[in-house]
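J.: Dropping in run.txt, which is compact mmCIF, C-alpha atoms:
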# COMPACT_ATOMS: atom_id res chain seq x y z
CA MET A 99 0.00 0.00 0.00
CA ASN A 100 1.21 3.49 -0.93
CA PHE A 101 -0.21 6.69 0.56
CA MET A 102 0.24 10.32 -0.40
CA SER A 103 -1.48 13.58 0.44
CA ILE A 104 -1.92 15.46 -2.85
CA ALA A 105 -3.46 18.55 -1.21
CA SER A 106 -4.70 19.33 2.27
CA GLY A 107 -6.49 22.30 3.84
CA SER A 108 -9.37 24.72 3.47
CA SER A 109 -8.29 25.41 -0.12
CA GLY A 110 -8.71 21.78 -1.19
CA ASN A 111 -8.24 18.18 -0.11
CA CYS A 112 -7.24 15.05 -2.02
CA LEU A 113 -5.55 11.86 -0.81
CA PHE A 114 -4.16 8.97 -2.86
CA VAL A 115 -4.03 5.33 -1.79
CA GLY A 116 -2.56 2.81 -4.21
CA SER A 117 -1.49 -0.81 -4.49
CA LYS A 118 -0.95 -3.44 -7.18
CA SER A 119 -4.66 -4.32 -7.07
CA ALA A 120 -6.35 -0.91 -6.87
CA ASN A 121 -5.88 2.85 -6.80
CA ILE A 122 -8.28 5.23 -5.08
CA LEU A 123 -8.65 8.89 -4.26
CA ILE A 124 -10.23 10.10 -1.04
CA ASP A 125 -11.91 13.41 -1.90
CA ALA A 126 -11.25 15.53 -4.98
CA GLY A 127 -11.31 19.08 -3.71
CA ILE A 128 -8.75 20.50 -6.13
CA SER A 129 -8.77 20.88 -9.91
CA CYS A 130 -8.54 17.84 -12.15
CA LYS A 131 -5.24 19.21 -13.46
CA LYS A 132 -3.77 19.39 -9.95
CA ILE A 133 -4.99 15.89 -9.14
CA CYS A 134 -3.29 14.53 -12.26
CA GLU A 135 -0.06 16.36 -11.41
CA GLY A 136 -0.11 14.76 -7.97
CA LEU A 137 -0.77 11.32 -9.38
CA SER A 138 2.20 11.64 -11.71
CA ILE A 139 4.45 11.87 -8.63
CA ALA A 140 3.03 8.51 -7.56
CA ASP A 141 3.69 7.17 -11.07
CA THR A 142 -0.05 6.59 -11.47
CA SER A 143 -2.22 7.51 -14.42
CA PRO A 144 -5.65 9.08 -13.77
CA GLU A 145 -7.10 6.31 -15.93
CA ASP A 146 -5.87 3.86 -13.30
CA ILE A 147 -7.95 5.39 -10.51
CA ASP A 148 -10.65 2.84 -9.69
CA ALA A 149 -12.78 5.05 -7.45
CA ILE A 150 -13.12 8.36 -5.65
CA LEU A 151 -14.31 8.11 -2.05
CA ILE A 152 -16.07 11.29 -0.92
CA THR A 153 -16.27 12.29 2.74
CA HIS A 154 -18.85 15.10 2.41
CA GLU A 155 -20.15 17.81 0.11
CA HIS A 156 -18.15 20.91 1.05
CA VAL A 157 -16.40 22.43 -1.97
CA ASP A 158 -12.87 21.86 -0.66
CA HIS A 159 -13.59 18.12 -0.93
CA ILE A 160 -15.48 17.93 -4.24
CA LYS A 161 -14.21 20.75 -6.48
CA GLY A 162 -12.54 18.53 -9.08
CA ILE A 163 -14.84 15.54 -9.05
CA GLU A 164 -17.12 16.61 -11.92
CA VAL A 165 -14.33 17.20 -14.44
CA PHE A 166 -12.32 14.17 -13.29
CA GLN A 167 -15.28 11.82 -13.65
CA LYS A 168 -16.23 13.24 -17.03
CA LYS A 169 -12.72 12.71 -18.37
CA TYR A 170 -11.94 9.34 -16.80
CA HIS A 171 -15.36 7.77 -16.06
CA THR A 172 -14.42 7.14 -12.45
CA LYS A 173 -16.73 5.50 -9.93
CA ILE A 174 -17.83 7.54 -6.92
CA TYR A 175 -18.40 6.01 -3.50
CA THR A 176 -20.23 8.06 -0.89
CA THR A 177 -23.32 8.10 1.27
CA LYS A 178 -26.75 8.73 -0.24
CA GLY A 179 -27.10 11.93 1.76
CA THR A 180 -23.84 13.31 0.40
CA TYR A 181 -24.62 12.30 -3.18
CA LEU A 182 -28.00 14.03 -3.03
CA GLN A 183 -26.23 17.19 -1.93
CA LEU A 184 -23.86 16.92 -4.90
CA LYS A 185 -26.86 16.68 -7.21
CA LYS A 186 -28.48 19.67 -5.49
CA LYS A 187 -25.36 21.62 -6.36
CA ARG A 188 -26.22 20.73 -9.97
CA MET A 189 -23.04 18.79 -10.48
CA LYS A 190 -23.16 16.82 -13.70
CA LEU A 191 -22.31 13.37 -12.45
CA ASP A 192 -22.98 9.97 -14.00
CA ASP A 193 -25.52 8.27 -11.73
CA GLU A 194 -24.50 4.87 -13.13
CA LEU A 195 -21.04 5.40 -11.62
CA PHE A 196 -22.42 6.20 -8.17
CA ASN A 197 -21.98 3.53 -5.50
CA GLU A 198 -23.96 4.11 -2.33
CA ILE A 199 -22.20 3.32 0.93
CA GLU A 200 -23.34 3.35 4.53
CA ALA A 201 -21.43 4.17 7.68
CA GLY A 202 -20.38 0.99 9.45
CA VAL A 203 -20.81 -1.23 6.39
CA ASP A 204 -17.51 -2.39 4.87
CA PHE A 205 -16.97 -2.68 1.12
CA ARG A 206 -14.18 -3.74 -1.23
CA ILE A 207 -12.38 -2.10 -4.11
CA GLY A 208 -9.84 -4.48 -5.57
CA GLY A 209 -7.70 -5.73 -2.70
CA PHE A 210 -8.74 -2.89 -0.39
CA LEU A 211 -11.22 -3.44 2.42
CA ILE A 212 -12.73 -0.06 3.22
CA HIS A 213 -14.56 0.84 6.41
CA PRO A 214 -16.60 4.07 6.37
CA PHE A 215 -17.46 5.56 9.76
CA SER A 216 -19.64 8.52 10.74
CA THR A 217 -18.11 11.86 11.68
CA LEU A 218 -19.41 15.02 13.33
CA HIS A 219 -19.76 17.86 10.82
CA ASP A 220 -22.44 20.30 9.71
CA VAL A 221 -23.31 18.48 6.50
CA ALA A 222 -25.81 15.86 5.33
CA ASP A 223 -24.20 12.47 6.04
CA PRO A 224 -20.41 12.70 6.49
CA VAL A 225 -18.02 9.78 6.78
CA CYS A 226 -14.30 9.16 6.93
CA TYR A 227 -12.50 5.96 6.06
CA THR A 228 -10.06 3.25 7.03
CA VAL A 229 -8.37 1.30 4.22
CA THR A 230 -6.71 -2.05 4.79
CA ASP A 231 -5.04 -4.66 2.63
CA GLY A 232 -2.58 -7.47 3.23
CA THR A 233 0.22 -5.06 4.15
CA GLY A 234 -1.29 -2.54 6.56
CA LYS A 235 -3.98 -0.08 7.52
CA LEU A 236 -4.53 3.59 6.77
CA SER A 237 -7.02 5.67 8.76
CA MET A 238 -8.08 9.21 7.90
CA LEU A 239 -10.21 11.63 9.91
CA THR A 240 -10.95 15.22 8.96
CA ASP A 241 -13.81 17.72 9.21
CA THR A 242 -15.13 16.77 12.61
CA GLY A 243 -15.28 19.05 15.64
CA ASN A 244 -14.77 16.21 18.06
CA TYR A 245 -14.17 12.48 18.02
CA THR A 246 -16.18 9.63 19.49
CA GLU A 247 -15.11 6.30 20.91
CA GLU A 248 -16.57 4.67 17.79
CA MET A 249 -14.30 6.77 15.55
CA LYS A 250 -11.32 5.95 17.75
CA LYS A 251 -12.19 2.25 17.71
CA SER A 252 -12.34 2.28 13.90
CA MET A 253 -8.85 3.76 13.70
CA MET A 254 -7.11 1.51 16.21
CA ASN A 255 -4.03 -0.41 15.04
CA SER A 256 -3.36 1.84 12.06
CA ASN A 257 0.03 1.91 10.37
CA ILE A 258 -0.64 5.34 8.85
CA LEU A 259 -2.81 8.03 10.45
CA TYR A 260 -4.03 11.12 8.63
CA ILE A 261 -5.69 13.33 11.23
CA GLU A 262 -7.12 16.83 10.96
CA SER A 263 -5.19 19.42 12.98
CA ASN A 264 -7.17 22.39 11.76
CA HIS A 265 -6.57 25.30 14.09
CA ASP A 266 -4.85 26.70 17.12
CA GLU A 267 -7.63 27.89 19.43
CA ASN A 268 -5.79 31.06 20.47
CA MET A 269 -5.13 32.06 16.87
CA LEU A 270 -8.73 31.32 15.94
CA MET A 271 -10.24 33.38 18.75
CA ALA A 272 -7.89 36.30 18.12
CA GLY A 273 -8.35 36.16 14.36
CA SER A 274 -10.58 37.93 11.86
CA TYR A 275 -13.40 35.37 11.65
CA SER A 276 -16.83 36.51 12.81
CA TYR A 277 -18.02 35.32 16.22
CA GLN A 278 -20.53 32.99 14.55
CA VAL A 279 -17.87 31.35 12.39
CA LYS A 280 -15.51 30.97 15.36
CA MET A 281 -18.28 29.23 17.31
CA ARG A 282 -18.93 26.93 14.36
CA VAL A 283 -15.26 25.97 14.04
CA ILE A 284 -14.85 25.09 17.73
CA SER A 285 -18.19 23.27 17.98
CA ASP A 286 -18.52 19.49 17.89
CA SER A 287 -19.67 19.79 14.26
CA GLY A 288 -16.73 22.01 13.26
CA HIS A 289 -13.03 21.11 13.06
CA LEU A 290 -10.42 19.44 15.27
CA SER A 291 -7.99 21.77 17.01
CA ASN A 292 -4.27 21.00 17.33
CA GLU A 293 -4.85 19.94 20.93
CA LYS A 294 -7.79 17.66 20.10
CA ALA A 295 -5.84 16.06 17.25
CA ALA A 296 -2.87 15.39 19.53
CA GLU A 297 -5.16 13.97 22.19
CA LEU A 298 -6.69 11.56 19.68
CA ILE A 299 -3.34 10.53 18.23
CA ASN A 300 -2.05 9.92 21.74
CA GLY A 301 -4.80 7.33 22.19
CA LEU A 302 -3.95 5.63 18.89
CA LEU A 303 -0.23 5.09 19.44
CA TRP A 304 0.98 1.52 19.15
CA LYS A 305 4.16 -0.21 18.06
CA GLY A 306 2.95 -0.72 14.49
CA LEU A 307 2.27 2.97 13.79
CA LYS A 308 4.70 4.08 11.07
CA CYS A 309 3.61 7.57 10.09
CA ILE A 310 1.31 10.35 11.33
CA PHE A 311 0.05 13.04 8.99
CA LEU A 312 -1.40 16.25 10.39
CA GLY A 313 -3.86 17.50 7.78
CA HIS A 314 -6.48 20.08 6.87
CA LEU A 315 -4.61 22.95 8.55
CA SER A 316 -6.28 26.35 8.40
CA GLU A 317 -4.17 28.87 6.52
CA GLU A 318 -5.43 31.70 8.73
CA ASN A 319 -5.73 30.04 12.13
CA ASN A 320 -2.77 27.68 12.24
CA MET A 321 0.87 27.26 11.25
CA PRO A 322 2.62 24.01 10.30
CA ALA A 323 5.29 24.52 12.96
CA LEU A 324 2.63 25.17 15.60
CA ALA A 325 0.66 22.04 14.72
CA ASP A 326 3.88 20.03 14.76
CA ILE A 327 5.15 21.29 18.12
CA THR A 328 1.72 20.97 19.76
CA THR A 329 1.52 17.34 18.74
CA ARG A 330 5.11 16.54 19.71
CA SER A 331 4.77 18.23 23.10
CA MET A 332 1.71 16.15 23.96
CA LEU A 333 3.04 12.86 22.60
CA ASP A 334 6.70 12.81 23.56
CA GLU A 335 6.10 10.89 26.80
CA GLU A 336 4.30 8.14 24.88
CA TRP A 337 6.93 7.99 22.15
CA LYS A 338 9.70 7.37 24.67
CA TYR A 339 8.41 3.85 25.17
CA GLN A 340 8.45 2.90 21.49
CA THR A 341 11.39 1.30 19.74
CA ASP A 342 10.66 3.02 16.43
CA GLU A 343 9.18 6.50 16.75
CA PRO A 344 6.47 7.21 14.13
CA GLU A 345 7.35 9.81 11.54
CA LEU A 346 5.34 13.03 11.88
CA ILE A 347 4.46 14.94 8.68
CA VAL A 348 2.43 18.13 8.32
CA ALA A 349 0.54 17.82 5.02
CA GLY A 350 1.01 20.80 2.71
CA HIS A 351 -1.83 22.94 1.41
CA TYR A 352 -0.74 22.81 -2.21
CA ALA A 353 2.33 20.58 -2.51
CA PRO A 354 1.98 16.78 -2.48
CA SER A 355 3.65 14.94 0.37
CA LYS A 356 6.22 12.25 -0.05
CA ILE A 357 4.86 8.75 -0.62
CA ILE A 358 4.63 6.46 2.40
CA GLU A 359 4.91 2.80 1.50
CA LEU A 360 3.80 -0.12 3.66
Show the structure stored in the file as structure tokens.
T.:
Amino acid sequence: MNFMSIASGSSGNCLFVGSKSANILIDAGISCKKICEGLSIADTSPEDIDAILITHEHVDHIKGIEVFQKKYHTKIYTTKGTYLQLKKKRMKLDDELFNEIEAGVDFRIGGFLIHPFSTLHDVADPVCYTVTDGTGKLSMLTDTGNYTEEMKKSMMNSNILYIESNHDENMLMAGSYSYQVKMRVISDSGHLSNEKAAELINGLLWKGLKCIFLGHLSEENNMPALADITTRSMLDEEWKYQTDEPELIVAGHYAPSKIIEL
């Protein structure tokens, strides 16, 4: 299994997961051109993408899906509630390529076993995903203001974690957002703060964890160095007891990450 963040943040999100048996995207919130440029780094053709898994209907997760599907006839996997919202946005999607999924019900794409689980966000029917194959497990969680024990349970024993570390609470509260928007961001249906992300990751540490990605950083209310140091300061005591310390990567807004191979 290979994993790469193609783009991450309020400006657009797109993740790549590939193997010999299948290649998938999780979200397509950047232009089709940018997606293809990212895939070229992974030595993968857009024609080889078997499916796009959508988490929810906000534009930073769906921006490129219409053009990408039109050009490459790619299957879409998402919940019925999310797909109906895409249609309400008058997106021209091929209904025959839509595959309805349900939180808690596993499905397969090639050699990948995918587990969708519910998240807390102010949209119709959001989910995030774990992806497993014979070599390891990837878990991703973004766009949720808090996490539940069910989410945490789904992500246990992951080899790669991609976790939202959206904002620093002090920067958010001192920033230019309106009071209403600030309250939305910090609510349970908003976004994970640096501290909440670190707290979750701390509960998911185990000896098989190879890499931690901090993703979906706010460009206005966070800084990569701040997300990094907040996580490290909260996790250092746990890491001392591990033989191999997991690598910590802050996913870039516009530049693809390096490829992590399991």
J.: Could you please determine the separation between CA of Ser103 (chain A) and CA of Met332 (chain A) in Å, to one decimal place?
T.: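 Computed distance, CA of Ser103 (chain A) to CA of Met332 (chain A), equals 23.9 Å.
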J.: Around the point (-6.9, -5.6, -8.3), in the coordinates given by the file, pick out the residues reaching within 12 Å, counting all atoms listed in the file, and return them as a PyMOL selection string.
T.: chain A and resi 116-122+146-148+206-211+231
J.: Env of Glu345 (chain A): 10 Å cut, atoms = all atoms listed in the file, seq-sep filter 4 positions within chain, self excluded. Answer as an NGL selection string.
T.: :A and (258 or 307-311)
J.: Would you list the contacts of Phe166 (chain A) as a ChimeraX atom specification, taking every protein, DNA or RNA residue within 10 Å and counting all atoms listed in the file, but skipping same-chain residues closer than 6 positions in sequence?
T.: /A:126,129-131,133-134,144-145,150,172
J.: If I take CA of Asp266 (chain A) and CA of Lys280 (chain A), how far is one from the other in Å, to one decimal?
T.: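 Straight-line distance from CA of Asp266 (chain A) to CA of Lys280 (chain A) works out to 11.6 Å.
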J.: I need every residue sitting at most 10 Å from the point (-6.1, 27.1, 14.5) (coordinates as in the file, all atoms listed in the file considered), written as a PyMOL selection string.
T.: chain A and resi 263-271+273+283-284+289-293+315-321+324-325
J.: Compare A:Gly136, A:Gly232, A:Gly202, A:Pro354 by their minimum atom-to-atom distance to Lys251 (chain A), counting only C-alpha atoms, and give me the closest one.
T.: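 Comparing A:Gly136, A:Gly232, A:Gly202, A:Pro354 against Lys251 (chain A), the winner is A:Gly202.
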J.: Return the single residue from A:Gly306, A:Gly243, A:Gly127, A:Gly313 that is closest to Cys112 (chain A), with distances computed using all atoms listed in the file.
T.: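 So, comparing all the options, the nearest one is A:Gly127.
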J.: Which residue, A:Asn300, A:Ser216, A:Ser252, A:Thr142, has the smallest gap to Asn100 (chain A) when you use only C-alpha atoms?
T.: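 Using only C-alpha atoms, the shortest distance to Asn100 (chain A) belongs to A:Thr142.
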J.: How far is it from CA of Thr228 (chain A) to CA of Tyr260 (chain A), in Å with one decimal?
T.: 10.0 Å
J.: Using only C-alpha atoms, can you tell me which of A:Ala201, A:Leu151, A:Ala222, A:Met253 comes closest to Thr180 (chain A)?
T.: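 The shortest atom-to-atom distance to Thr180 (chain A) comes from A:Ala222.
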